[in-house]
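Enquirer: This is the structure I want to talk about, given as structure tokens.
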Amino acid sequence: MTSNPFPSVETAEPSPLSTSGARRAPGTVLAEVLRPLIPRALLDGPGWDRLLSCAAELPDAGLGTLLGCEFRLGEDTPAADLFVVVRPGSPITRHFIRRGEAAPPGSEAAALARYLVRIGQADSALHGCIAGTMLEYDLAETPAGRRPEPGVFLKVRLAEEPGPHDRAQPLPIAALAGAVGWADDGEVRRSVARVLAALPPGGRVAHIGAFPNRAPRAVRLVVQGVGHDEIAGVLERLDRRGSVRAVTEVLADLGEVLPRVWLSVDVAAAGLLPRLGLELHAGSWNNAQDKWLTTGRSDWRPVVERLVHRGWCLAAKAQGLMEWCALDKMYDRRGVFLVYKGLNHLKLTVTDAGVDAKAYAGMTCSLMRD
């Protein structure tokens with residue numbers, strides 16, 4: 001994962017997944033309401049069943065207001081990971097707090113609940129450094145019947161106007177470690193500091209995240225403000241010279257259709273892990289906006305076509321992405337709901353084995369007013 005694919009807005013809007021009266025079976029509402037709006041090339045079959053099974057444990061109201069998916073573009077299998085936003089006081093947040101309070105004291109669920117309680121306090125010091133929290137469920141590669149604990153991703157609060165680069169940028173690493181049930185690892189913290197020191201002026205970490213059960217333990221840093229011509233230097237300073245050629249070739253392929261890229265790295269105690277991510281952002285730049293709310297098909301078509309040409313995205317998946325970018329309507333006894341679906345960013349993961357492409361997509365529903 002990666003940059004936050006969801007808007008930084010609060011809403012009390014009713015959701016088409018929120019029902020009054022008799023409650024339908026878990027997952028039924030999601031299946032009935034959203035299934036027609038999701039291209040089957042992107043999500044279908046066992047992949048859809050796994051997403052439904054996971055969503056069945058979450059409050060319908062939270063899913064209807066905001067939903068996110070991560071689609072794999074180079075694989076035939078129509079599967080996705082699921083993202084949910086957890087905001088203080090929301091139904092989903094209350095769900096995770098209740099779940100953690102009922103879990104064993106040392107479990108990942110209990111750790112997440114403690115974090116959500118803490119950040120939900122009006123006077124919490126975390127508000128000064130954390131602008132939002134998102135959970136990611138790894139579903140696409142998880143065997144049926146198993147569900148790992150979600151990864152936790154924090155949106156770092158940045159100054160609206162970037163100032164001179166601060167190589168000691170404060171990051172809420174301790175809060176992240178606590179949220180996934182880790183002891184605060186000093187070695188990982190020192191590795192993160194080395195990455196910060198290698199960034200050029202203007203490079204700032206916008207998001208951090210971690211998965212509780214992945215080995216080795218690592219913190220994901222998503223860095224904005226690093227130019228195409230600066231990424232190679234960053235990798236060389238971090239002793240990743242072997243990755244420079246592969247990354248620069250990818251950037252050269254995309255330069256004319258996508259001028260802005262964010263760098264995503266996983267930092268363990270021993271340093272950077274082999275996987276390097278390039279997050280591709282389209283549309284006009286505005287750091288205060290989430291891109292899936294401000295971009296459409298015309299913004300994404302050129303880069304998606306380039307990925308197809310390079311063999312990183314299947315043609316069927318490309319068509320699915322264009323179908324996803326849409327404004328739809330759904331009808332409910334309470335009125336007409338507008339459903340906006342958009343792409344926040346694409347991500348290319350560069351490894352020794354090649355390049356893998358993913359799309360990070362969002363969906364939100366709101367009731368039309370007279």
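Residue numbering restarts at 1 in every chain; chains get A, B, ... in the order shown in the structure tokens, and ligands count up from 1 in that same order.
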Using DSSP secondary structure from the backbone, list all strand (DSSP E) positions within segment 170-267 of chain A, as a tab-separated table (two decimals) with all heavy atoms, in the first residue's frame.
Expert:
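Dumped to selection_36.tsv:
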```tsv
chain	number	residue	atom	x	y	z
A	204	ARG	N	9.69	14.52	1.20
A	204	ARG	CA	9.06	14.37	2.52
A	204	ARG	C	8.22	13.10	2.55
A	204	ARG	O	7.59	12.73	1.55
A	204	ARG	CB	8.16	15.58	2.83
A	204	ARG	CG	8.91	16.89	2.89
A	204	ARG	CD	8.01	17.99	3.41
A	204	ARG	NE	6.84	18.18	2.55
A	204	ARG	CZ	5.76	18.89	2.90
A	204	ARG	NH1	5.71	19.44	4.10
A	204	ARG	NH2	4.75	19.03	2.07
A	205	VAL	N	8.20	12.44	3.68
A	205	VAL	CA	7.38	11.24	3.85
A	205	VAL	C	5.94	11.66	4.09
A	205	VAL	O	5.64	12.40	5.02
A	205	VAL	CB	7.90	10.39	5.03
A	205	VAL	CG1	6.98	9.20	5.27
A	205	VAL	CG2	9.33	9.92	4.75
A	206	ALA	N	5.04	11.18	3.23
A	206	ALA	CA	3.63	11.54	3.31
A	206	ALA	C	2.80	10.47	4.01
A	206	ALA	O	1.75	10.78	4.58
A	206	ALA	CB	3.07	11.79	1.92
A	207	HIS	N	3.25	9.21	3.96
A	207	HIS	CA	2.51	8.11	4.57
A	207	HIS	C	3.50	7.09	5.11
A	207	HIS	O	4.57	6.87	4.53
A	207	HIS	CB	1.61	7.41	3.54
A	207	HIS	CG	0.63	8.33	2.88
A	207	HIS	ND1	-0.62	8.56	3.37
A	207	HIS	CD2	0.73	9.07	1.75
A	207	HIS	CE1	-1.26	9.42	2.59
A	207	HIS	NE2	-0.45	9.74	1.59
A	208	ILE	N	3.13	6.45	6.21
A	208	ILE	CA	3.89	5.32	6.73
A	208	ILE	C	2.92	4.19	7.04
A	208	ILE	O	1.74	4.42	7.33
A	208	ILE	CB	4.70	5.69	7.99
A	208	ILE	CG1	3.78	6.06	9.17
A	208	ILE	CG2	5.68	6.82	7.70
A	208	ILE	CD1	4.51	6.29	10.47
A	209	GLY	N	3.41	2.95	6.95
A	209	GLY	CA	2.53	1.83	7.22
A	209	GLY	C	3.30	0.58	7.58
A	209	GLY	O	4.53	0.51	7.40
A	210	ALA	N	2.59	-0.41	8.09
A	210	ALA	CA	3.21	-1.68	8.47
A	210	ALA	C	2.14	-2.76	8.52
A	210	ALA	O	0.96	-2.48	8.77
A	210	ALA	CB	3.92	-1.57	9.82
A	218	ALA	N	8.93	-4.45	8.87
A	218	ALA	CA	9.38	-3.31	8.07
A	218	ALA	C	8.33	-2.21	8.10
A	218	ALA	O	7.14	-2.47	8.23
A	218	ALA	CB	9.65	-3.74	6.63
A	219	VAL	N	8.81	-0.99	7.97
A	219	VAL	CA	7.94	0.18	7.87
A	219	VAL	C	7.97	0.66	6.43
A	219	VAL	O	9.04	0.84	5.84
A	219	VAL	CB	8.42	1.30	8.81
A	219	VAL	CG1	7.64	2.59	8.56
A	219	VAL	CG2	8.27	0.87	10.26
A	220	ARG	N	6.79	0.84	5.85
A	220	ARG	CA	6.71	1.38	4.49
A	220	ARG	C	6.68	2.90	4.56
A	220	ARG	O	5.88	3.49	5.29
A	220	ARG	CB	5.47	0.86	3.77
A	220	ARG	CG	5.33	1.41	2.34
A	220	ARG	CD	4.36	0.59	1.54
A	220	ARG	NE	4.84	-0.79	1.47
A	220	ARG	CZ	4.09	-1.79	0.99
A	220	ARG	NH1	2.86	-1.58	0.57
A	220	ARG	NH2	4.59	-3.01	0.94
A	221	LEU	N	7.55	3.52	3.80
A	221	LEU	CA	7.60	4.97	3.67
A	221	LEU	C	7.17	5.36	2.26
A	221	LEU	O	7.71	4.82	1.28
A	221	LEU	CB	9.01	5.51	3.93
A	221	LEU	CG	9.69	5.12	5.24
A	221	LEU	CD1	11.08	5.74	5.29
A	221	LEU	CD2	8.88	5.54	6.45
A	222	VAL	N	6.23	6.26	2.14
A	222	VAL	CA	5.83	6.79	0.84
A	222	VAL	C	6.29	8.24	0.79
A	222	VAL	O	5.86	9.07	1.61
A	222	VAL	CB	4.32	6.69	0.63
A	222	VAL	CG1	3.94	7.26	-0.73
A	222	VAL	CG2	3.87	5.23	0.72
A	223	VAL	N	7.18	8.53	-0.16
A	223	VAL	CA	7.88	9.82	-0.19
A	223	VAL	C	7.42	10.62	-1.39
A	223	VAL	O	7.43	10.14	-2.53
A	223	VAL	CB	9.41	9.60	-0.27
A	223	VAL	CG1	10.13	10.94	-0.21
A	223	VAL	CG2	9.88	8.68	0.86
A	224	GLN	N	7.01	11.85	-1.15
A	224	GLN	CA	6.65	12.76	-2.22
A	224	GLN	C	7.73	13.82	-2.39
A	224	GLN	O	8.59	13.98	-1.53
A	224	GLN	CB	5.31	13.44	-1.92
A	224	GLN	CG	5.37	14.38	-0.72
A	224	GLN	CD	4.04	15.04	-0.43
A	224	GLN	OE1	3.00	14.40	-0.39
A	224	GLN	NE2	4.07	16.35	-0.21
A	260	ARG	N	4.73	13.11	-12.53
A	260	ARG	CA	4.90	13.09	-11.08
A	260	ARG	C	4.85	11.67	-10.52
A	260	ARG	O	3.92	10.91	-10.81
A	260	ARG	CB	3.81	13.92	-10.40
A	260	ARG	CG	4.06	14.15	-8.93
A	260	ARG	CD	3.06	15.12	-8.33
A	260	ARG	NE	1.69	14.63	-8.41
A	260	ARG	CZ	0.81	14.99	-9.34
A	260	ARG	NH1	1.16	15.85	-10.27
A	260	ARG	NH2	-0.41	14.51	-9.35
A	261	VAL	N	5.86	11.31	-9.73
A	261	VAL	CA	5.98	9.97	-9.16
A	261	VAL	C	6.36	10.11	-7.69
A	261	VAL	O	7.18	10.95	-7.33
A	261	VAL	CB	7.05	9.15	-9.92
A	261	VAL	CG1	7.30	7.82	-9.22
A	261	VAL	CG2	6.64	8.91	-11.36
A	262	TRP	N	5.76	9.28	-6.86
A	262	TRP	CA	6.17	9.17	-5.46
A	262	TRP	C	6.95	7.87	-5.30
A	262	TRP	O	6.69	6.88	-5.99
A	262	TRP	CB	4.96	9.17	-4.53
A	262	TRP	CG	4.22	10.47	-4.47
A	262	TRP	CD1	4.36	11.55	-5.28
A	262	TRP	CD2	3.20	10.81	-3.52
A	262	TRP	NE1	3.50	12.54	-4.90
A	262	TRP	CE2	2.78	12.12	-3.84
A	262	TRP	CE3	2.62	10.13	-2.46
A	262	TRP	CZ2	1.78	12.77	-3.11
A	262	TRP	CZ3	1.62	10.79	-1.73
A	262	TRP	CH2	1.21	12.09	-2.06
A	263	LEU	N	7.89	7.87	-4.37
A	263	LEU	CA	8.75	6.72	-4.12
A	263	LEU	C	8.25	5.97	-2.89
A	263	LEU	O	7.99	6.58	-1.84
A	263	LEU	CB	10.19	7.17	-3.92
A	263	LEU	CG	11.24	6.09	-3.64
A	263	LEU	CD1	11.39	5.16	-4.84
A	263	LEU	CD2	12.58	6.74	-3.29
A	264	SER	N	8.11	4.65	-3.00
A	264	SER	CA	7.65	3.81	-1.88
A	264	SER	C	8.73	2.78	-1.57
A	264	SER	O	9.15	2.03	-2.46
A	264	SER	CB	6.33	3.11	-2.25
A	264	SER	OG	5.95	2.20	-1.26
A	265	VAL	N	9.18	2.75	-0.30
A	265	VAL	CA	10.22	1.80	0.11
A	265	VAL	C	9.82	1.14	1.42
A	265	VAL	O	9.13	1.73	2.25
A	265	VAL	CB	11.59	2.51	0.27
A	265	VAL	CG1	12.09	3.03	-1.05
A	265	VAL	CG2	11.51	3.63	1.31
A	266	ASP	N	10.24	-0.11	1.59
A	266	ASP	CA	10.03	-0.85	2.83
A	266	ASP	C	11.36	-0.88	3.58
A	266	ASP	O	12.37	-1.36	3.05
A	266	ASP	CB	9.55	-2.26	2.54
A	266	ASP	CG	8.14	-2.29	1.99
A	266	ASP	OD1	7.40	-1.29	2.19
A	266	ASP	OD2	7.75	-3.29	1.37
A	267	VAL	N	11.35	-0.39	4.82
A	267	VAL	CA	12.57	-0.23	5.60
A	267	VAL	C	12.54	-1.19	6.79
A	267	VAL	O	11.68	-1.07	7.67
A	267	VAL	CB	12.72	1.22	6.10
A	267	VAL	CG1	14.08	1.42	6.76
A	267	VAL	CG2	12.54	2.21	4.95
```
Enquirer: When you look at Pro78 of chain A with a cut-off of 6 Å (counting only C-alpha atoms), what residues show up, excluding the ones that are within fewer than 5 positions of it in the same chain? I need them as a list in words.
Expert: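 Residues near the query, excluding close chain neighbours: Ala41, Leu42, Leu43 and Asp44 of chain A.
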Enquirer: List as a list in words the protein and nucleic acid residues near Arg275 of chain A, meaning an atom at most 9 Å away when only C-alpha atoms are counted, but skip any in the same chain fewer than 2 places from it.
Expert: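 Final neighbour list, sorted by chain and number: Ser264, Val265, Asp266, Leu272, Leu273, Gly277, Thr349, Val350, Thr351 and Asp352 of chain A.
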Enquirer: Keeping only N, CA and C atoms, write the selected residues to a file as a PDB file, in the first residue's frame.
Expert:
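After the write, result.pdb holds the following:
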```pdb
ATOM      1  N   SER A 264       8.109   4.648  -2.998  1.00  0.00           N
ATOM      2  CA  SER A 264       7.650   3.814  -1.885  1.00  0.00           C
ATOM      3  C   SER A 264       8.727   2.782  -1.574  1.00  0.00           C
ATOM      4  N   VAL A 265       9.175   2.748  -0.300  1.00  0.00           N
ATOM      5  CA  VAL A 265      10.222   1.803   0.108  1.00  0.00           C
ATOM      6  C   VAL A 265       9.820   1.137   1.417  1.00  0.00           C
ATOM      7  N   ASP A 266      10.244  -0.111   1.587  1.00  0.00           N
ATOM      8  CA  ASP A 266      10.035  -0.846   2.829  1.00  0.00           C
ATOM      9  C   ASP A 266      11.358  -0.878   3.581  1.00  0.00           C
ATOM     10  N   LEU A 272      16.873  -1.202   3.450  1.00  0.00           N
ATOM     11  CA  LEU A 272      15.785  -1.326   2.484  1.00  0.00           C
ATOM     12  C   LEU A 272      15.578  -2.774   2.061  1.00  0.00           C
ATOM     13  N   LEU A 273      14.333  -3.186   1.942  1.00  0.00           N
ATOM     14  CA  LEU A 273      14.014  -4.488   1.363  1.00  0.00           C
ATOM     15  C   LEU A 273      14.068  -4.379  -0.160  1.00  0.00           C
ATOM     16  N   GLY A 277       8.773   0.694  -4.873  1.00  0.00           N
ATOM     17  CA  GLY A 277       7.521   1.090  -5.488  1.00  0.00           C
ATOM     18  C   GLY A 277       7.597   2.487  -6.078  1.00  0.00           C
ATOM     19  N   THR A 349       5.715  -1.847  -8.903  1.00  0.00           N
ATOM     20  CA  THR A 349       6.681  -2.428  -7.983  1.00  0.00           C
ATOM     21  C   THR A 349       7.804  -3.043  -8.797  1.00  0.00           C
ATOM     22  N   VAL A 350       9.018  -2.561  -8.581  1.00  0.00           N
ATOM     23  CA  VAL A 350      10.183  -2.983  -9.357  1.00  0.00           C
ATOM     24  C   VAL A 350      11.018  -3.937  -8.514  1.00  0.00           C
ATOM     25  N   THR A 351      11.229  -5.149  -9.031  1.00  0.00           N
ATOM     26  CA  THR A 351      12.073  -6.146  -8.372  1.00  0.00           C
ATOM     27  C   THR A 351      13.011  -6.743  -9.406  1.00  0.00           C
ATOM     28  N   ASP A 352      13.887  -7.632  -8.946  1.00  0.00           N
ATOM     29  CA  ASP A 352      14.783  -8.304  -9.891  1.00  0.00           C
ATOM     30  C   ASP A 352      14.010  -9.136 -10.906  1.00  0.00           C
TER      31      ASP A 352
END
```
Enquirer: Output as JSON lines one row per residue of segment 297-328 of chain A within 10 Å of segment 240-256 of chain A: the closest atom pair and its distance in Å to one decimal place, counting only C-alpha atoms, sorted by chain and residue number ascending.
Expert:
```
{"residue": "A:Pro302", "atom": "CA", "partner": "A:Glu256", "partner_atom": "CA", "distance": 9.6}
{"residue": "A:Val303", "atom": "CA", "partner": "A:Leu254", "partner_atom": "CA", "distance": 7.3}
{"residue": "A:Arg306", "atom": "CA", "partner": "A:Leu254", "partner_atom": "CA", "distance": 7.5}
{"residue": "A:Leu307", "atom": "CA", "partner": "A:Leu254", "partner_atom": "CA", "distance": 8.7}
{"residue": "A:Arg310", "atom": "CA", "partner": "A:Asp253", "partner_atom": "CA", "distance": 8.6}
```
Enquirer: Check the smallest atom-to-atom distance from each of A:Val192, A:Val226, A:Val86, A:Ala102 to Lys155 of chain A using only C-alpha atoms, then report the winner.
Expert: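 Of A:Val192, A:Val226, A:Val86, A:Ala102, the one nearest Lys155 of chain A, counting only C-alpha atoms, is A:Val86.
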Enquirer: Hey, which of A:Arg50, A:Arg118, A:Arg237, A:His309 ends up closest to Leu196 of chain A? Count only C-alpha atoms.
Expert: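 Closest candidate: A:Arg237.
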Enquirer: Interatomic distance between atom CA of Asp299 of chain A and atom CA of Thr364 of chain A?
Expert: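 Distance between the two atoms: 19.3 Å.
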Enquirer: Pick from A:Cys365, A:Leu293, A:Ala316, A:Leu139: nearest to Asp328 of chain A, with only C-alpha atoms counted?
Expert: A:Cys365
Enquirer: Write out as a PyMOL selection string the residues lying within 12 Å of Gln319 of chain A, counting only C-alpha atoms and excluding same-chain residues fewer than 2 positions away.
Expert: chain A and resi 39-42+73+297+300-301+304-305+308+313-317+321-325
Enquirer: Select, from A:Ala131, A:Ile92, A:Tyr137, A:Glu108, the residue with the minimum atom-to-atom distance to Leu51 of chain A, counting only C-alpha atoms.
Expert: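 Closest candidate: A:Tyr137.
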